[in-house]
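To start, the structure under review is shown below, and the notes come after it.
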Amino acid sequence: PHSVPTVSPQVGSYKDISHESLSLFRLLEPQIEILVLGTGDRVERLHPAMLKQMRECGIAVEVQDTPNACATFNFLTSERRVAAAGLIPP
């Protein structure tokens, strides 16, 4: 039997972002090239190990405040890039 990762969508602040919450983005098909994370009103630093794990899976991560993350996501998709966004409301 296949084991399916458990994904918790309960991310209320950047402090809730974890390996587990990012695992959802590794499951998407087609595989995304870039993940844009909006961390609310301000840009917040994420643990380097989480970013490294995503890079090792072939996914670049861009961390921005949420309004800029929305603009970046829209730009990337207008360029036909395979992107996803994880956005925490400001």
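Each chain in the structure tokens gets a letter, A, B and so on, in the order shown; residues start at 1 in every chain, and ligands are counted from 1 in the order they appear.
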
(request) Mind the document's chain letters and residue numbers, and return as JSON, numbers by chain the residues of chain A that DSSP labels alpha helix (DSSP H). (result) {"A": [19, 20, 21, 22, 23, 24, 25, 26, 27, 48, 49, 50, 51, 52, 53, 54, 55, 56, 66, 67, 68, 69, 70, 71, 72, 73, 74, 75, 76, 77, 78]}

(request) Please provide as a PyMOL selection string all residues within 9 Å of Ala83 in chain A, with the sequence filter that same-chain residues fewer than 6 positions apart are discarded (counting only C-alpha atoms). (result) chain A and resi 31-36+73+76-77

(message) Taking only C-alpha atoms into account, name the residue in A:Gln53, A:Thr72, A:Gln10, A:Gln64 that is nearest to Ala84 in chain A.
(response)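 Distance minimum relative to Ala84 in chain A lands on A:Thr72.
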
(request) Compile the contact shell of Thr66 in chain A as a PyMOL selection string: residues with an atom at most 8 Å away, counting only C-alpha atoms, same-chain residues fewer than 2 positions apart removed. (result) chain A and resi 37-42+64+68-70+87-90

(message) One number please: CA of Leu27 in chain A to CA of Ala49 in chain A, in Å, one decimal.
(response) 18.8 Å

(message) Rounded to one decimal, what separation in Å do you get between CA of Ser23 in chain A and CA of Glu44 in chain A?
(response)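 The value is 19.5 Å.
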
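Using only C-alpha atoms for every distance, the candidate list A:Leu24, A:Val82, A:Val61, A:Ala71 yields A:Val61 as the residue closest to Pro48 in chain A.
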
(message) Please return, as a count of residues only, all residues of chain A that DSSP assigns to strand (DSSP E or B) on the basis of the backbone.
(response) 17

(request) Work out how far CA of Leu46 in chain A is from CA of Val63 in chain A, in Å to one decimal. (result) 8.2 Å

(request) Quick one: everything within 10 Å of Ile17 in chain A, counting only C-alpha atoms, minus sequence neighbours fewer than 2 positions away in the same chain. Send it as a list in words. (result)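 So the residues in contact are Ser8, Pro9, Gln10, Val11, Gly12, Ser13, Tyr14, Lys15, His19, Glu20, Ser21, Leu22, Leu37, Thr39, Leu46, His47, Met50 and Gly86 of chain A.
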